[in-house]
$ cat model-v7.csv   # CSV, C-alpha atoms and all ligand atoms
chain,number,residue,atom,x,y,z
A,1,MET,CA,-124.2,4.9,-15.5
A,2,THR,CA,-123.5,1.4,-14.4
A,3,ASP,CA,-122.1,1.0,-10.9
A,4,LEU,CA,-119.2,-1.4,-11.5
A,5,SER,CA,-118.7,-2.4,-7.9
A,6,ASP,CA,-122.4,-3.3,-7.7
A,7,LEU,CA,-122.1,-5.2,-10.9
A,8,SER,CA,-119.2,-7.2,-9.6
A,9,ALA,CA,-121.1,-8.1,-6.5
A,10,ARG,CA,-124.0,-9.2,-8.5
A,11,PHE,CA,-121.8,-11.4,-10.8
A,12,ALA,CA,-120.4,-13.0,-7.7
A,13,ARG,CA,-123.8,-13.7,-6.3
A,14,LEU,CA,-124.7,-15.9,-9.3
A,15,ALA,CA,-122.4,-18.5,-7.7
A,16,ALA,CA,-124.1,-18.5,-4.3
A,17,PRO,CA,-124.9,-22.0,-3.1
A,18,THR,CA,-127.8,-23.7,-4.7
A,19,PRO,CA,-130.7,-24.1,-2.1
A,20,ARG,CA,-131.1,-27.7,-1.2
A,21,THR,CA,-134.8,-27.5,-1.9
A,22,LEU,CA,-134.1,-26.6,-5.6
A,23,VAL,CA,-131.5,-29.4,-6.1
A,24,LYS,CA,-132.9,-32.4,-8.0
A,25,TRP,CA,-131.6,-35.9,-8.0
A,26,ARG,CA,-131.6,-38.7,-10.4
A,27,SER,CA,-130.0,-42.1,-10.4
A,28,ASP,CA,-127.5,-43.1,-13.0
A,29,ASP,CA,-126.4,-46.6,-14.1
A,30,ASP,CA,-123.9,-47.2,-11.3
A,31,THR,CA,-125.5,-49.5,-8.7
A,32,ARG,CA,-123.8,-51.5,-6.0
A,33,GLU,CA,-124.8,-53.4,-2.9
A,34,GLY,CA,-128.4,-52.2,-2.7
A,35,THR,CA,-127.5,-48.6,-3.5
A,36,ALA,CA,-127.7,-46.5,-6.7
A,37,ARG,CA,-125.4,-43.7,-7.5
A,38,HIS,CA,-127.4,-40.4,-7.7
A,39,VAL,CA,-126.3,-37.2,-9.3
A,40,ALA,CA,-127.5,-33.7,-8.4
A,41,TYR,CA,-128.8,-31.3,-11.0
A,42,VAL,CA,-131.0,-28.2,-11.3
A,43,SER,CA,-133.7,-27.4,-13.8
A,44,SER,CA,-133.0,-24.9,-16.5
A,45,GLN,CA,-135.8,-22.9,-14.8
A,46,PHE,CA,-133.5,-22.5,-11.8
A,47,VAL,CA,-130.8,-21.0,-14.0
A,48,ARG,CA,-133.3,-18.6,-15.6
A,49,GLN,CA,-134.6,-17.6,-12.2
A,50,ARG,CA,-131.2,-16.9,-10.8
A,51,LEU,CA,-130.3,-14.8,-13.8
A,52,ASP,CA,-133.5,-12.9,-13.4
A,53,GLU,CA,-132.9,-12.5,-9.7
A,54,PHE,CA,-129.7,-10.5,-10.1
A,55,PHE,CA,-129.9,-9.3,-13.8
A,56,SER,CA,-133.5,-8.9,-14.6
A,57,GLY,CA,-133.7,-7.5,-18.1
A,58,GLU,CA,-129.9,-7.3,-18.4
A,59,TRP,CA,-129.0,-10.8,-19.7
A,60,GLY,CA,-129.4,-12.4,-23.0
A,61,LEU,CA,-129.3,-15.9,-24.4
A,62,ALA,CA,-128.2,-17.1,-27.8
A,63,GLN,CA,-128.2,-20.7,-28.8
A,64,GLU,CA,-127.3,-22.5,-32.0
A,65,SER,CA,-127.0,-26.1,-33.0
A,66,VAL,CA,-123.5,-27.4,-33.7
A,67,PRO,CA,-123.3,-29.2,-37.0
A,68,GLY,CA,-121.8,-32.6,-37.3
A,69,THR,CA,-122.6,-36.2,-36.2
A,70,TRP,CA,-122.2,-36.8,-32.5
A,71,ALA,CA,-122.8,-39.8,-30.3
A,72,ASP,CA,-122.8,-40.3,-26.5
A,73,LYS,CA,-120.7,-43.0,-24.8
A,74,HIS,CA,-123.4,-45.5,-25.6
A,75,GLY,CA,-123.3,-44.7,-29.3
A,76,VAL,CA,-126.7,-42.9,-29.3
A,77,LEU,CA,-126.8,-40.0,-31.7
A,78,GLN,CA,-126.9,-36.7,-30.0
A,79,CYS,CA,-128.0,-33.2,-30.8
A,80,VAL,CA,-125.3,-30.7,-29.7
A,81,MET,CA,-126.0,-27.0,-29.1
A,82,GLN,CA,-124.0,-24.1,-28.0
A,83,ALA,CA,-125.5,-21.6,-25.6
A,84,THR,CA,-124.1,-18.2,-24.8
A,85,ILE,CA,-125.3,-16.2,-21.9
A,86,THR,CA,-124.4,-12.5,-22.2
A,87,ILE,CA,-124.6,-10.1,-19.3
A,88,HIS,CA,-123.7,-6.5,-19.7
A,89,GLY,CA,-121.7,-7.4,-22.8
A,90,LEU,CA,-119.7,-10.2,-21.2
A,91,ALA,CA,-120.4,-13.5,-22.9
A,92,ARG,CA,-119.8,-17.1,-21.6
A,93,SER,CA,-120.6,-20.1,-23.7
A,94,SER,CA,-120.9,-23.8,-23.3
A,95,LEU,CA,-121.9,-26.9,-25.3
A,96,GLY,CA,-124.7,-29.1,-24.3
A,97,MET,CA,-126.1,-32.3,-25.7
A,98,GLY,CA,-129.1,-34.6,-25.7
A,99,ALA,CA,-131.0,-37.1,-27.7
A,100,ASP,CA,-133.4,-34.5,-28.9
A,101,PRO,CA,-133.1,-30.7,-29.5
A,102,LYS,CA,-135.1,-29.8,-26.5
A,103,THR,CA,-132.8,-31.6,-24.1
A,104,ALA,CA,-129.7,-30.2,-25.9
A,105,ASP,CA,-131.2,-26.8,-25.6
A,106,SER,CA,-131.8,-27.1,-21.9
A,107,ASP,CA,-128.4,-28.8,-21.3
A,108,SER,CA,-126.4,-26.1,-23.1
A,109,PHE,CA,-128.3,-23.3,-21.2
A,110,LYS,CA,-127.5,-24.9,-17.8
A,111,ARG,CA,-123.9,-25.5,-18.7
A,112,ALA,CA,-123.5,-21.9,-19.9
A,113,GLY,CA,-125.0,-21.0,-16.5
A,114,VAL,CA,-122.3,-23.0,-14.7
A,115,ARG,CA,-119.7,-20.8,-16.6
A,116,TRP,CA,-121.3,-17.9,-14.7
A,117,GLY,CA,-121.1,-19.9,-11.5
A,118,ILE,CA,-124.8,-20.8,-11.3
A,119,ALA,CA,-125.2,-24.2,-9.6
A,120,SER,CA,-121.4,-24.6,-9.8
A,121,ASP,CA,-121.4,-25.8,-6.2
A,122,LEU,CA,-123.0,-29.1,-7.4
A,123,TYR,CA,-119.8,-29.9,-9.2
A,124,SER,CA,-118.1,-30.3,-5.8
A,125,PHE,CA,-120.5,-32.9,-4.6
A,126,PRO,CA,-119.0,-36.3,-3.6
A,127,PRO,CA,-120.3,-39.5,-5.3
A,128,VAL,CA,-123.7,-40.1,-3.6
A,129,TYR,CA,-125.0,-43.7,-3.2
A,130,VAL,CA,-128.7,-43.8,-2.2
A,131,ARG,CA,-130.1,-47.0,-0.6
A,132,VAL,CA,-132.6,-48.6,-3.0
A,133,SER,CA,-134.9,-51.5,-2.9
A,134,GLY,CA,-136.6,-53.0,-6.0
A,135,GLY,CA,-135.0,-50.2,-8.0
A,136,LYS,CA,-136.7,-47.5,-5.9
A,137,PRO,CA,-134.9,-45.1,-3.5
A,138,ILE,CA,-135.7,-45.8,0.2
A,139,GLU,CA,-134.1,-42.8,1.6
A,140,ASN,CA,-133.7,-39.1,0.9
A,141,PRO,CA,-130.7,-38.5,-1.4
A,142,TRP,CA,-129.6,-35.8,1.0
A,143,ASP,CA,-129.1,-38.4,3.8
A,144,ALA,CA,-126.8,-40.3,1.4
A,145,TYR,CA,-125.1,-37.0,0.6
A,146,ASP,CA,-124.4,-36.3,4.2
A,147,ARG,CA,-123.1,-39.8,4.7
A,148,ALA,CA,-120.7,-39.3,1.7
A,149,MET,CA,-119.5,-36.0,3.2
A,150,LEU,CA,-118.8,-37.7,6.5
A,151,ARG,CA,-116.8,-40.4,4.7
A,152,LYS,CA,-114.8,-37.6,3.0
A,153,GLY,CA,-114.0,-36.4,6.5
A,154,VAL,CA,-114.6,-32.7,5.6
A,155,GLN,CA,-117.8,-32.4,7.6
A,156,GLU,CA,-117.6,-29.8,10.4
A,157,ALA,CA,-116.3,-31.4,13.6
A,158,SER,CA,-119.4,-32.4,15.5
A,159,PRO,CA,-119.3,-33.8,19.1
A,160,GLU,CA,-122.1,-36.3,18.5
A,161,ILE,CA,-120.4,-37.8,15.5
A,162,ASP,CA,-117.5,-40.2,16.1
A,163,LYS,CA,-114.9,-39.3,13.5
A,164,PRO,CA,-111.3,-40.3,13.1
A,165,ALA,CA,-108.8,-37.8,14.3
A,166,ALA,CA,-107.8,-35.1,11.8
A,167,PRO,CA,-104.6,-35.9,10.0
A,168,ALA,CA,-101.4,-34.2,11.2
A,169,ALA,CA,-100.7,-33.1,7.7
A,170,PRO,CA,-103.1,-32.6,4.9
A,171,LYS,CA,-103.6,-35.7,2.7
A,172,PRO,CA,-102.4,-35.1,-0.9
A,173,ALA,CA,-105.7,-36.2,-2.3
A,174,LEU,CA,-107.7,-33.7,-0.2
A,175,LYS,CA,-105.2,-31.0,-1.1
A,176,LYS,CA,-105.8,-31.8,-4.8
A,177,LEU,CA,-109.5,-31.5,-4.3
A,178,GLY,CA,-109.0,-28.0,-2.9
A,179,LEU,CA,-110.3,-29.0,0.5
A,180,ILE,CA,-107.4,-27.4,2.4
A,181,ALA,CA,-108.1,-23.8,2.9
A,182,PRO,CA,-105.5,-21.2,1.9
A,183,GLU,CA,-106.2,-19.4,5.2
A,184,LEU,CA,-104.5,-20.5,8.4
A,185,CYS,CA,-106.4,-21.0,11.7
A,186,PRO,CA,-106.8,-17.7,13.5
A,187,THR,CA,-106.5,-19.5,16.8
A,188,CYS,CA,-103.6,-21.8,16.4
A,189,GLY,CA,-102.1,-21.0,13.0
A,190,LYS,CA,-102.5,-24.6,11.6
A,191,LYS,CA,-104.1,-25.4,8.3
A,192,MET,CA,-107.9,-25.4,8.0
A,193,TRP,CA,-110.4,-27.5,6.1
A,194,ASN,CA,-112.1,-25.7,3.3
A,195,ASN,CA,-115.7,-26.2,4.0
A,196,VAL,CA,-116.9,-23.5,1.6
A,197,TRP,CA,-118.0,-26.0,-1.1
A,198,VAL,CA,-119.7,-28.4,1.2
A,199,ARG,CA,-121.0,-26.4,4.1
A,200,LYS,CA,-124.6,-26.3,5.1
A,201,PRO,CA,-126.3,-23.0,6.0
A,202,GLY,CA,-125.0,-21.7,9.3
A,203,GLN,CA,-121.8,-23.8,9.3
A,204,PRO,CA,-118.4,-22.1,9.2
A,205,ASP,CA,-116.5,-21.8,6.0
A,206,PHE,CA,-113.2,-22.9,7.3
A,207,VAL,CA,-112.6,-25.4,10.1
A,208,CYS,CA,-109.2,-26.0,11.9
A,209,THR,CA,-107.7,-29.4,11.0
A,210,ASP,CA,-106.7,-29.7,14.6
A,211,LYS,CA,-109.9,-31.2,16.1
A,212,ALA,CA,-108.9,-30.0,19.6
A,213,CYS,CA,-108.6,-26.4,18.5
A,214,LYS,CA,-112.1,-25.7,17.3
A,215,GLY,CA,-110.9,-22.6,15.4
A,216,VAL,CA,-113.3,-21.6,12.6
A,217,VAL,CA,-113.6,-18.8,10.1
A,218,ARG,CA,-117.0,-17.6,8.9
A,219,LEU,CA,-117.4,-15.5,5.8
A,220,THR,CA,-120.1,-13.0,4.9
A,221,ASP,CA,-122.5,-14.2,2.2
A,222,ALA,CA,-121.0,-11.7,-0.1
A,223,ASP,CA,-117.4,-12.7,0.5
A,224,ARG,CA,-118.2,-16.4,0.1
A,225,ALA,CA,-119.9,-15.7,-3.2
A,226,VAL,CA,-116.8,-13.8,-4.4
A,227,LEU,CA,-114.6,-16.6,-3.3
A,228,MET,CA,-116.7,-19.3,-5.0
A,229,ALA,CA,-116.9,-17.3,-8.2
A,230,ALA,CA,-113.2,-16.8,-8.2
A,231,SER,CA,-112.4,-20.4,-7.5
A,232,PRO,CA,-113.9,-22.5,-10.3
A,233,THR,CA,-110.6,-24.5,-10.2
A,234,GLU,CA,-111.9,-26.2,-7.0
A,235,ALA,CA,-114.9,-27.5,-8.9
A,236,ARG,CA,-112.8,-28.4,-11.8
A,237,ALA,CA,-110.3,-30.3,-9.6
A,238,ALA,CA,-113.2,-32.3,-8.1
A,239,VAL,CA,-114.2,-33.3,-11.6
A,240,ASP,CA,-110.7,-34.1,-12.7
A,241,ALA,CA,-110.2,-36.2,-9.6
A,242,GLY,CA,-113.0,-38.5,-10.8
A,243,LEU,CA,-116.1,-37.0,-9.2
A,244,GLU,CA,-118.9,-36.9,-11.8
A,245,PRO,CA,-120.0,-33.6,-13.0
A,246,ALA,CA,-123.1,-33.0,-11.0
A,247,LEU,CA,-125.1,-31.4,-13.7
A,248,VAL,CA,-126.5,-34.2,-15.8
A,249,ASP,CA,-126.8,-34.1,-19.5
A,250,SER,CA,-130.2,-35.4,-20.2
A,251,GLN,CA,-133.7,-36.0,-18.8
A,252,ASP,CA,-134.3,-32.5,-17.7
A,253,ASP,CA,-137.8,-31.8,-16.8
A,254,LEU,CA,-138.6,-28.6,-18.5
A,255,PRO,CA,-141.9,-27.2,-17.4
A,256,PHE,CA,-142.5,-25.7,-20.8
A,301,ZN,ZN,-106.7,-24.1,15.1
$ encode --input "model-v7.csv" --output "structure tokens"
Amino acid sequence: MTDLSDLSARFARLAAPTPRTLVKWRSDDDTREGTARHVAYVSSQFVRQRLDEFFSGEWGLAQESVPGTWADKHGVLQCVMQATITIHGLARSSLGMGADPKTADSDSFKRAGVRWGIASDLYSFPPVYVRVSGGKPIENPWDAYDRAMLRKGVQEASPEIDKPAAPAAPKPALKKLGLIAPELCPTCGKKMWNNVWVRKPGQPDFVCTDKACKGVVRLTDADRAVLMAASPTEARAAVDAGLEPALVDSQDDLPF
């Protein structure tokens, strides 16, 4: 007999944050002033491993090519595939594309994984511009990522970093991005920043918007995973607001 509460917890854990060491970066076409925009992605192997971690022998994958003639934004003909990941009878599907069947295969699998929450945190990443010289990165993309987060002003308040004062009222743009937490500060009752999508290990999940207050809320790993699995709208809102989907649609390096 399947323990449903255990099952629900395991579903939620698929959406646990992607470890930084397993996030890959590649540059896209957008370059400006000695920097190149980078997007984060994971290998399809990561998706496979996370499914195996929580549902070893309990998940299935079905893929089929989607007939028709498709082209990407540059007019290059694309293979399109649909992948369906089924876990305990629940199916979630997504389309993927690529210049060749192997890439479309991998892309559709990863995107179906996102429907299960796997690597969905990458969708909330800000635009990351990495310093380049002669077309080569000259810094770790994570340094550029941290800079971008500082610019967004949602980094945890840190005494050694000189940041502008927190706004008296939440900015509409940030609210739209889901960066204002539904919870109110347990110390002062004001609104809190939602740090769930951007926090680093050890950082609190919610931070008081009143810089002087220092009120924070920390979730358990399980609660955070549940919240993230239940809040795909945040990731969606980030994409709708113009942030690139972080999972890229080509050039995956499949090790097989
Ligand atoms: Zn507070």
$ residues_near_ligand --input "model-v7.csv" --ligand "ligand ZN 301 (chain A)" --cutoff "8 Å" --atoms "all atoms listed in the file" --output "ChimeraX atom specification"
/A:184-192,207-216
$ residues_around --input "model-v7.csv" --residues "A:Ser65" --least-positions-apart "4" --cutoff "8 Å" --atoms "only C-alpha atoms" --output "VMD selection string"
chain A and resid 79 to 82
$ atom_distance --input "model-v7.csv" --atom1 "atom CA of A:Tyr41" --atom2 "atom CA of A:Lys24"
5.2 Å
$ residues_around --input "model-v7.csv" --residues "A:Ala148" --least-positions-apart "6" --cutoff "8 Å" --atoms "only C-alpha atoms" --output "list in words"
Pro126, Pro127, Val128 and Tyr129 of chain A
$ closest_residue --input "model-v7.csv" --among "A:Ala99, A:Leu61, A:Val217, A:Ile138" --to "A:Thr84" --atoms "all atoms listed in the file"
A:Leu61
$ atom_distance --input "model-v7.csv" --atom1 "atom CA of A:Met97" --atom2 "atom CA of A:Gly135"
26.7 Å
$ atom_distance --input "model-v7.csv" --atom1 "atom CA of A:Trp193" --atom2 "atom CA of A:Leu14"
24.0 Å
$ closest_residue --input "model-v7.csv" --among "A:Ala119, A:Val76, A:Ala225, A:Val47" --to "A:Ser106" --atoms "only C-alpha atoms"
A:Val47
$ closest_residue --input "model-v7.csv" --among "A:Arg48, A:Arg20, A:Arg37, A:Arg26" --to "A:Arg131" --atoms "only C-alpha atoms"
A:Arg37
$ residues_around --input "model-v7.csv" --residues "A:Glu53" --least-positions-apart "5" --cutoff "12 Å" --atoms "all atoms listed in the file" --output "PDB file with C-alpha atoms, in the coordinates of the input"
ATOM      1  CA  ARG A  10    -124.000  -9.200  -8.500  1.00  0.00           C
ATOM      2  CA  PHE A  11    -121.800 -11.400 -10.800  1.00  0.00           C
ATOM      3  CA  ARG A  13    -123.800 -13.700  -6.300  1.00  0.00           C
ATOM      4  CA  LEU A  14    -124.700 -15.900  -9.300  1.00  0.00           C
ATOM      5  CA  ALA A  16    -124.100 -18.500  -4.300  1.00  0.00           C
ATOM      6  CA  GLN A  45    -135.800 -22.900 -14.800  1.00  0.00           C
ATOM      7  CA  PHE A  46    -133.500 -22.500 -11.800  1.00  0.00           C
ATOM      8  CA  VAL A  47    -130.800 -21.000 -14.000  1.00  0.00           C
ATOM      9  CA  ARG A  48    -133.300 -18.600 -15.600  1.00  0.00           C
ATOM     10  CA  GLU A  58    -129.900  -7.300 -18.400  1.00  0.00           C
ATOM     11  CA  TRP A  59    -129.000 -10.800 -19.700  1.00  0.00           C
ATOM     12  CA  ILE A 118    -124.800 -20.800 -11.300  1.00  0.00           C
TER      13      ILE A 118
END
$ closest_residue --input "model-v7.csv" --among "A:Ser5, A:Asn194, A:Ala91, A:Ala12" --to "A:Asp223" --atoms "all atoms listed in the file"
A:Ala12
